[in-house]
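To be precise, the following lines are data.tsv, and they hold TSV, N, CA and C atoms.
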```tsv
chain	number	residue	atom	x	y	z
A	3	MET	N	-13.74	-15.40	13.10
A	3	MET	CA	-12.78	-15.13	12.05
A	3	MET	C	-13.45	-14.46	10.87
A	4	ALA	N	-14.67	-14.91	10.55
A	4	ALA	CA	-15.39	-14.31	9.43
A	4	ALA	C	-15.75	-12.86	9.72
A	5	ARG	N	-16.08	-12.55	10.96
A	5	ARG	CA	-16.40	-11.17	11.33
A	5	ARG	C	-15.17	-10.29	11.18
A	6	PHE	N	-14.04	-10.79	11.61
A	6	PHE	CA	-12.79	-10.03	11.50
A	6	PHE	C	-12.48	-9.76	10.03
A	7	THR	N	-12.62	-10.76	9.19
A	7	THR	CA	-12.35	-10.59	7.76
A	7	THR	C	-13.31	-9.59	7.14
A	8	LEU	N	-14.57	-9.66	7.51
A	8	LEU	CA	-15.56	-8.73	6.99
A	8	LEU	C	-15.26	-7.31	7.46
A	9	ALA	N	-14.89	-7.15	8.72
A	9	ALA	CA	-14.56	-5.83	9.24
A	9	ALA	C	-13.32	-5.27	8.56
A	10	PHE	N	-12.33	-6.10	8.35
A	10	PHE	CA	-11.09	-5.67	7.71
A	10	PHE	C	-11.34	-5.24	6.28
A	11	CYS	N	-12.11	-6.01	5.53
A	11	CYS	CA	-12.43	-5.66	4.14
A	11	CYS	C	-13.24	-4.37	4.09
A	12	SER	N	-14.14	-4.20	5.03
A	12	SER	CA	-14.94	-2.98	5.07
A	12	SER	C	-14.05	-1.76	5.30
A	13	MET	N	-13.09	-1.88	6.22
A	13	MET	CA	-12.17	-0.76	6.47
A	13	MET	C	-11.34	-0.45	5.23
A	14	LEU	N	-10.90	-1.47	4.51
A	14	LEU	CA	-10.13	-1.24	3.30
A	14	LEU	C	-10.95	-0.49	2.25
A	15	LEU	N	-12.20	-0.90	2.08
A	15	LEU	CA	-13.06	-0.23	1.10
A	15	LEU	C	-13.33	1.20	1.49
A	16	ILE	N	-13.58	1.46	2.75
A	16	ILE	CA	-13.82	2.82	3.21
A	16	ILE	C	-12.57	3.67	3.04
A	17	GLY	N	-11.43	3.10	3.35
A	17	GLY	CA	-10.17	3.81	3.18
A	17	GLY	C	-9.87	4.14	1.73
A	18	ALA	N	-10.21	3.23	0.83
A	18	ALA	CA	-9.99	3.47	-0.59
A	18	ALA	C	-10.88	4.59	-1.10
A	19	CYS	N	-12.09	4.68	-0.57
A	19	CYS	CA	-13.00	5.75	-0.97
A	19	CYS	C	-12.53	7.10	-0.45
A	20	ALA	N	-11.84	7.11	0.67
A	20	ALA	CA	-11.38	8.36	1.27
A	20	ALA	C	-10.04	8.81	0.72
A	21	ALA	N	-9.41	8.03	-0.14
A	21	ALA	CA	-8.11	8.39	-0.71
A	21	ALA	C	-8.26	9.62	-1.59
A	22	PRO	N	-7.21	10.46	-1.67
A	22	PRO	CA	-7.30	11.66	-2.48
A	22	PRO	C	-7.50	11.31	-3.95
A	23	ASN	N	-8.29	12.11	-4.61
A	23	ASN	CA	-8.59	11.89	-6.02
A	23	ASN	C	-7.53	12.59	-6.86
A	24	ARG	N	-6.77	11.84	-7.61
A	24	ARG	CA	-5.74	12.41	-8.47
A	24	ARG	C	-6.27	12.44	-9.89
A	25	SER	N	-6.62	13.61	-10.33
A	25	SER	CA	-7.18	13.72	-11.66
A	25	SER	C	-6.08	14.08	-12.65
A	26	PRO	N	-6.16	13.56	-13.86
A	26	PRO	CA	-5.14	13.87	-14.85
A	26	PRO	C	-5.20	15.32	-15.32
A	27	GLU	N	-6.29	16.06	-15.04
A	27	GLU	CA	-6.38	17.43	-15.47
A	27	GLU	C	-5.30	18.30	-14.83
A	28	GLY	N	-4.93	18.00	-13.59
A	28	GLY	CA	-3.87	18.76	-12.93
A	28	GLY	C	-2.54	18.57	-13.63
A	29	ASN	N	-2.24	17.38	-14.08
A	29	ASN	CA	-1.00	17.13	-14.80
A	29	ASN	C	-0.98	17.83	-16.13
A	30	VAL	N	-2.11	17.88	-16.81
A	30	VAL	CA	-2.19	18.54	-18.11
A	30	VAL	C	-1.97	20.03	-17.93
A	31	ALA	N	-2.55	20.60	-16.88
A	31	ALA	CA	-2.39	22.03	-16.64
A	31	ALA	C	-0.94	22.38	-16.35
A	32	SER	N	-0.26	21.57	-15.54
A	32	SER	CA	1.13	21.86	-15.23
A	32	SER	C	2.01	21.61	-16.44
A	33	ALA	N	1.66	20.64	-17.28
A	33	ALA	CA	2.44	20.39	-18.48
A	33	ALA	C	2.31	21.53	-19.47
A	34	ALA	N	1.17	22.16	-19.52
A	34	ALA	CA	0.96	23.27	-20.43
A	34	ALA	C	1.73	24.50	-19.98
A	35	ALA	N	2.11	24.58	-18.70
A	35	ALA	CA	2.82	25.74	-18.17
A	35	ALA	C	4.30	25.72	-18.52
A	36	GLY	N	4.82	24.65	-19.09
A	36	GLY	CA	6.24	24.55	-19.43
A	36	GLY	C	6.61	25.49	-20.57
A	37	THR	N	7.84	25.99	-20.55
A	37	THR	CA	8.32	26.84	-21.62
A	37	THR	C	9.14	26.02	-22.59
A	38	ASP	N	9.48	26.62	-23.71
A	38	ASP	CA	10.30	25.91	-24.69
A	38	ASP	C	11.70	25.67	-24.17
A	39	ASP	N	12.21	26.60	-23.35
A	39	ASP	CA	13.56	26.46	-22.80
A	39	ASP	C	13.62	25.42	-21.69
A	40	ASP	N	12.55	25.30	-20.92
A	40	ASP	CA	12.52	24.38	-19.79
A	40	ASP	C	11.19	23.62	-19.80
A	41	PRO	N	11.07	22.62	-20.69
A	41	PRO	CA	9.79	21.92	-20.83
A	41	PRO	C	9.49	21.04	-19.62
A	42	VAL	N	8.21	20.75	-19.44
A	42	VAL	CA	7.76	19.85	-18.39
A	42	VAL	C	7.73	18.44	-18.97
A	43	VAL	N	8.33	17.50	-18.27
A	43	VAL	CA	8.40	16.11	-18.71
A	43	VAL	C	7.59	15.27	-17.72
A	44	CYS	N	6.64	14.51	-18.24
A	44	CYS	CA	5.82	13.65	-17.39
A	44	CYS	C	6.20	12.20	-17.64
A	45	GLU	N	6.24	11.41	-16.58
A	45	GLU	CA	6.54	9.99	-16.70
A	45	GLU	C	5.76	9.21	-15.66
A	46	THR	N	5.55	7.95	-15.93
A	46	THR	CA	4.87	7.07	-14.99
A	46	THR	C	5.93	6.43	-14.11
A	47	VAL	N	5.75	6.56	-12.79
A	47	VAL	CA	6.73	6.07	-11.82
A	47	VAL	C	6.09	4.98	-10.98
A	48	ILE	N	6.78	3.86	-10.84
A	48	ILE	CA	6.33	2.78	-9.95
A	48	ILE	C	7.26	2.79	-8.74
A	49	ARG	N	6.73	3.09	-7.60
A	49	ARG	CA	7.52	3.16	-6.37
A	49	ARG	C	7.92	1.76	-5.92
A	50	THR	N	9.06	1.67	-5.30
A	50	THR	CA	9.55	0.40	-4.78
A	50	THR	C	8.61	-0.09	-3.68
A	51	GLY	N	8.25	-1.36	-3.75
A	51	GLY	CA	7.40	-1.96	-2.73
A	51	GLY	C	5.93	-1.92	-3.05
A	52	THR	N	5.58	-1.44	-4.23
A	52	THR	CA	4.18	-1.40	-4.61
A	52	THR	C	4.05	-1.67	-6.10
A	53	ARG	N	2.88	-2.11	-6.51
A	53	ARG	CA	2.63	-2.32	-7.93
A	53	ARG	C	1.86	-1.16	-8.53
A	54	LEU	N	1.49	-0.21	-7.71
A	54	LEU	CA	0.73	0.94	-8.18
A	54	LEU	C	1.66	1.98	-8.79
A	55	SER	N	1.22	2.58	-9.86
A	55	SER	CA	2.03	3.60	-10.50
A	55	SER	C	1.37	4.96	-10.32
A	56	GLU	N	2.18	5.99	-10.44
A	56	GLU	CA	1.65	7.34	-10.38
A	56	GLU	C	2.39	8.18	-11.41
A	57	ARG	N	1.74	9.21	-11.86
A	57	ARG	CA	2.31	10.07	-12.88
A	57	ARG	C	3.08	11.20	-12.19
A	58	SER	N	4.31	11.42	-12.63
A	58	SER	CA	5.16	12.45	-12.05
A	58	SER	C	5.56	13.42	-13.15
A	59	CYS	N	5.33	14.70	-12.95
A	59	CYS	CA	5.68	15.73	-13.92
A	59	CYS	C	6.64	16.72	-13.26
A	60	MET	N	7.77	16.94	-13.91
A	60	MET	CA	8.76	17.90	-13.43
A	60	MET	C	9.36	18.62	-14.63
A	61	ARG	N	9.92	19.77	-14.37
A	61	ARG	CA	10.64	20.49	-15.41
A	61	ARG	C	11.95	19.76	-15.69
A	62	LYS	N	12.43	19.90	-16.91
A	62	LYS	CA	13.67	19.21	-17.30
A	62	LYS	C	14.83	19.66	-16.42
A	63	SER	N	14.86	20.93	-16.03
A	63	SER	CA	15.94	21.42	-15.16
A	63	SER	C	15.89	20.74	-13.79
A	64	GLN	N	14.69	20.46	-13.27
A	64	GLN	CA	14.56	19.76	-11.99
A	64	GLN	C	15.06	18.33	-12.12
A	65	ILE	N	14.74	17.66	-13.23
A	65	ILE	CA	15.19	16.29	-13.44
A	65	ILE	C	16.71	16.26	-13.53
A	66	ASP	N	17.30	17.21	-14.26
A	66	ASP	CA	18.75	17.27	-14.38
A	66	ASP	C	19.42	17.54	-13.03
A	67	ALA	N	18.81	18.41	-12.21
A	67	ALA	CA	19.37	18.71	-10.89
A	67	ALA	C	19.31	17.48	-9.98
A	68	GLN	N	18.20	16.74	-10.03
A	68	GLN	CA	18.09	15.51	-9.23
A	68	GLN	C	19.11	14.48	-9.69
A	69	ARG	N	19.29	14.35	-10.99
A	69	ARG	CA	20.25	13.39	-11.52
A	69	ARG	C	21.67	13.74	-11.08
A	70	GLN	N	22.01	15.04	-11.14
A	70	GLN	CA	23.34	15.47	-10.73
A	70	GLN	C	23.56	15.27	-9.23
A	71	ALA	N	22.54	15.55	-8.42
A	71	ALA	CA	22.65	15.35	-6.97
A	71	ALA	C	22.83	13.87	-6.64
A	72	SER	N	22.13	13.00	-7.38
A	72	SER	CA	22.28	11.55	-7.16
A	72	SER	C	23.68	11.09	-7.52
A	73	GLN	N	24.20	11.59	-8.63
A	73	GLN	CA	25.55	11.20	-9.04
A	73	GLN	C	26.58	11.70	-8.04
A	74	ASP	N	26.40	12.93	-7.55
A	74	ASP	CA	27.33	13.48	-6.55
A	74	ASP	C	27.30	12.65	-5.26
A	75	ALA	N	26.10	12.27	-4.83
A	75	ALA	CA	25.98	11.47	-3.61
A	75	ALA	C	26.64	10.11	-3.79
A	76	LEU	N	26.44	9.48	-4.95
A	76	LEU	CA	27.05	8.18	-5.22
A	76	LEU	C	28.57	8.28	-5.23
A	77	GLN	N	29.09	9.33	-5.87
A	77	GLN	CA	30.55	9.50	-5.91
A	77	GLN	C	31.11	9.74	-4.51
A	78	GLU	N	30.37	10.47	-3.68
A	78	GLU	CA	30.82	10.71	-2.31
A	78	GLU	C	30.84	9.40	-1.51
A	79	ILE	N	29.82	8.58	-1.68
A	79	ILE	CA	29.78	7.29	-0.99
A	79	ILE	C	30.93	6.41	-1.45
A	80	GLN	N	31.18	6.39	-2.74
A	80	GLN	CA	32.27	5.58	-3.27
A	80	GLN	C	33.62	6.10	-2.78
A	81	ARG	N	33.77	7.42	-2.70
A	81	ARG	CA	35.02	8.00	-2.22
A	81	ARG	C	35.25	7.64	-0.75
A	82	ARG	N	34.21	7.73	0.06
A	82	ARG	CA	34.36	7.37	1.47
A	82	ARG	C	34.65	5.88	1.64
A	83	GLY	N	34.01	5.05	0.80
A	83	GLY	CA	34.27	3.61	0.86
A	83	GLY	C	35.70	3.28	0.50
A	84	ALA	N	36.27	4.00	-0.47
A	84	ALA	CA	37.66	3.77	-0.85
A	84	ALA	C	38.60	4.17	0.28
A	85	GLN	N	38.27	5.23	1.00
A	85	GLN	CA	39.10	5.67	2.12
A	85	GLN	C	39.05	4.67	3.27
A	86	VAL	N	37.89	4.12	3.54
A	86	VAL	CA	37.73	3.18	4.63
A	86	VAL	C	38.43	1.87	4.28
A	87	GLY	N	38.26	1.44	3.04
A	87	GLY	CA	38.85	0.16	2.61
A	87	GLY	C	40.36	0.21	2.49
A	88	ASN	N	40.92	1.38	2.15
A	88	ASN	CA	42.35	1.51	1.95
A	88	ASN	C	42.79	2.86	2.55
A	89	PRO	N	43.17	2.90	3.84
A	89	PRO	CA	43.52	4.16	4.50
A	89	PRO	C	44.75	4.85	3.91
A	90	ALA	N	45.57	4.16	3.11
A	90	ALA	CA	46.77	4.75	2.56
A	90	ALA	C	46.45	5.77	1.48
A	91	GLN	N	45.27	5.75	0.90
A	91	GLN	CA	44.94	6.70	-0.18
A	91	GLN	C	44.65	8.07	0.34
```

This structure in structure tokens:
Amino acid sequence: MARFTLAFCSMLLIGACAAPNRSPEGNVASAAAGTDDDPVVCETVIRTGTRLSERSCMRKSQIDAQRQASQDALQEIQRRGAQVGNPAQ
């Protein structure tokens, strides 16, 4: 059992060393490329199922487009649910 634990921990450490290096310099460079009309907005995002956070940078127009697509999808789901629940509508 001790050998298995040692081998497992060793694999985790090796895997962590092989993970891609995310440097903040790349985010700064992309943030500097934003224009006054369409600025780049950076935020820290915590993905569901993990405690690790990552920095996400997108243009404001991209954020607005994602928000609108999410709202449209939600409204479509709600519309279909209303049709299934009450066929008379």

Report as a PDB file with N, CA and C atoms, keeping the file's coordinate frame all protein, DNA and RNA residues lying within 8 Å of A:Gln64, evaluated on only N, CA and C atoms, omitting residues in the same chain fewer than 5 positions from it.
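Below is the file selection-v9.pdb, written as the result:
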```pdb
ATOM      1  N   ASP A  40      12.550  25.300 -20.920  1.00  0.00           N
ATOM      2  CA  ASP A  40      12.520  24.380 -19.790  1.00  0.00           C
ATOM      3  C   ASP A  40      11.190  23.620 -19.800  1.00  0.00           C
ATOM      4  N   ARG A  69      19.290  14.350 -10.990  1.00  0.00           N
ATOM      5  CA  ARG A  69      20.250  13.390 -11.520  1.00  0.00           C
ATOM      6  C   ARG A  69      21.670  13.740 -11.080  1.00  0.00           C
ATOM      7  N   GLN A  70      22.010  15.040 -11.140  1.00  0.00           N
ATOM      8  CA  GLN A  70      23.340  15.470 -10.730  1.00  0.00           C
ATOM      9  C   GLN A  70      23.560  15.270  -9.230  1.00  0.00           C
TER      10      GLN A  70
END
```

Take the point (6.5, 14.8, -17.1) in the file's coordinates, draw a sphere of radius 8 Å around it, and report as a count of residues only every protein, DNA or RNA residue with an atom inside or on it, counting only N, CA and C atoms.
13

So how many Å separate atom CA of A:Ala75 and atom C of A:Ser63, to one decimal?
17.1 Å

Can you tell me how far atom CA of A:Gln68 sits from atom CA of A:Ala84, in Å to one decimal?
24.3 Å
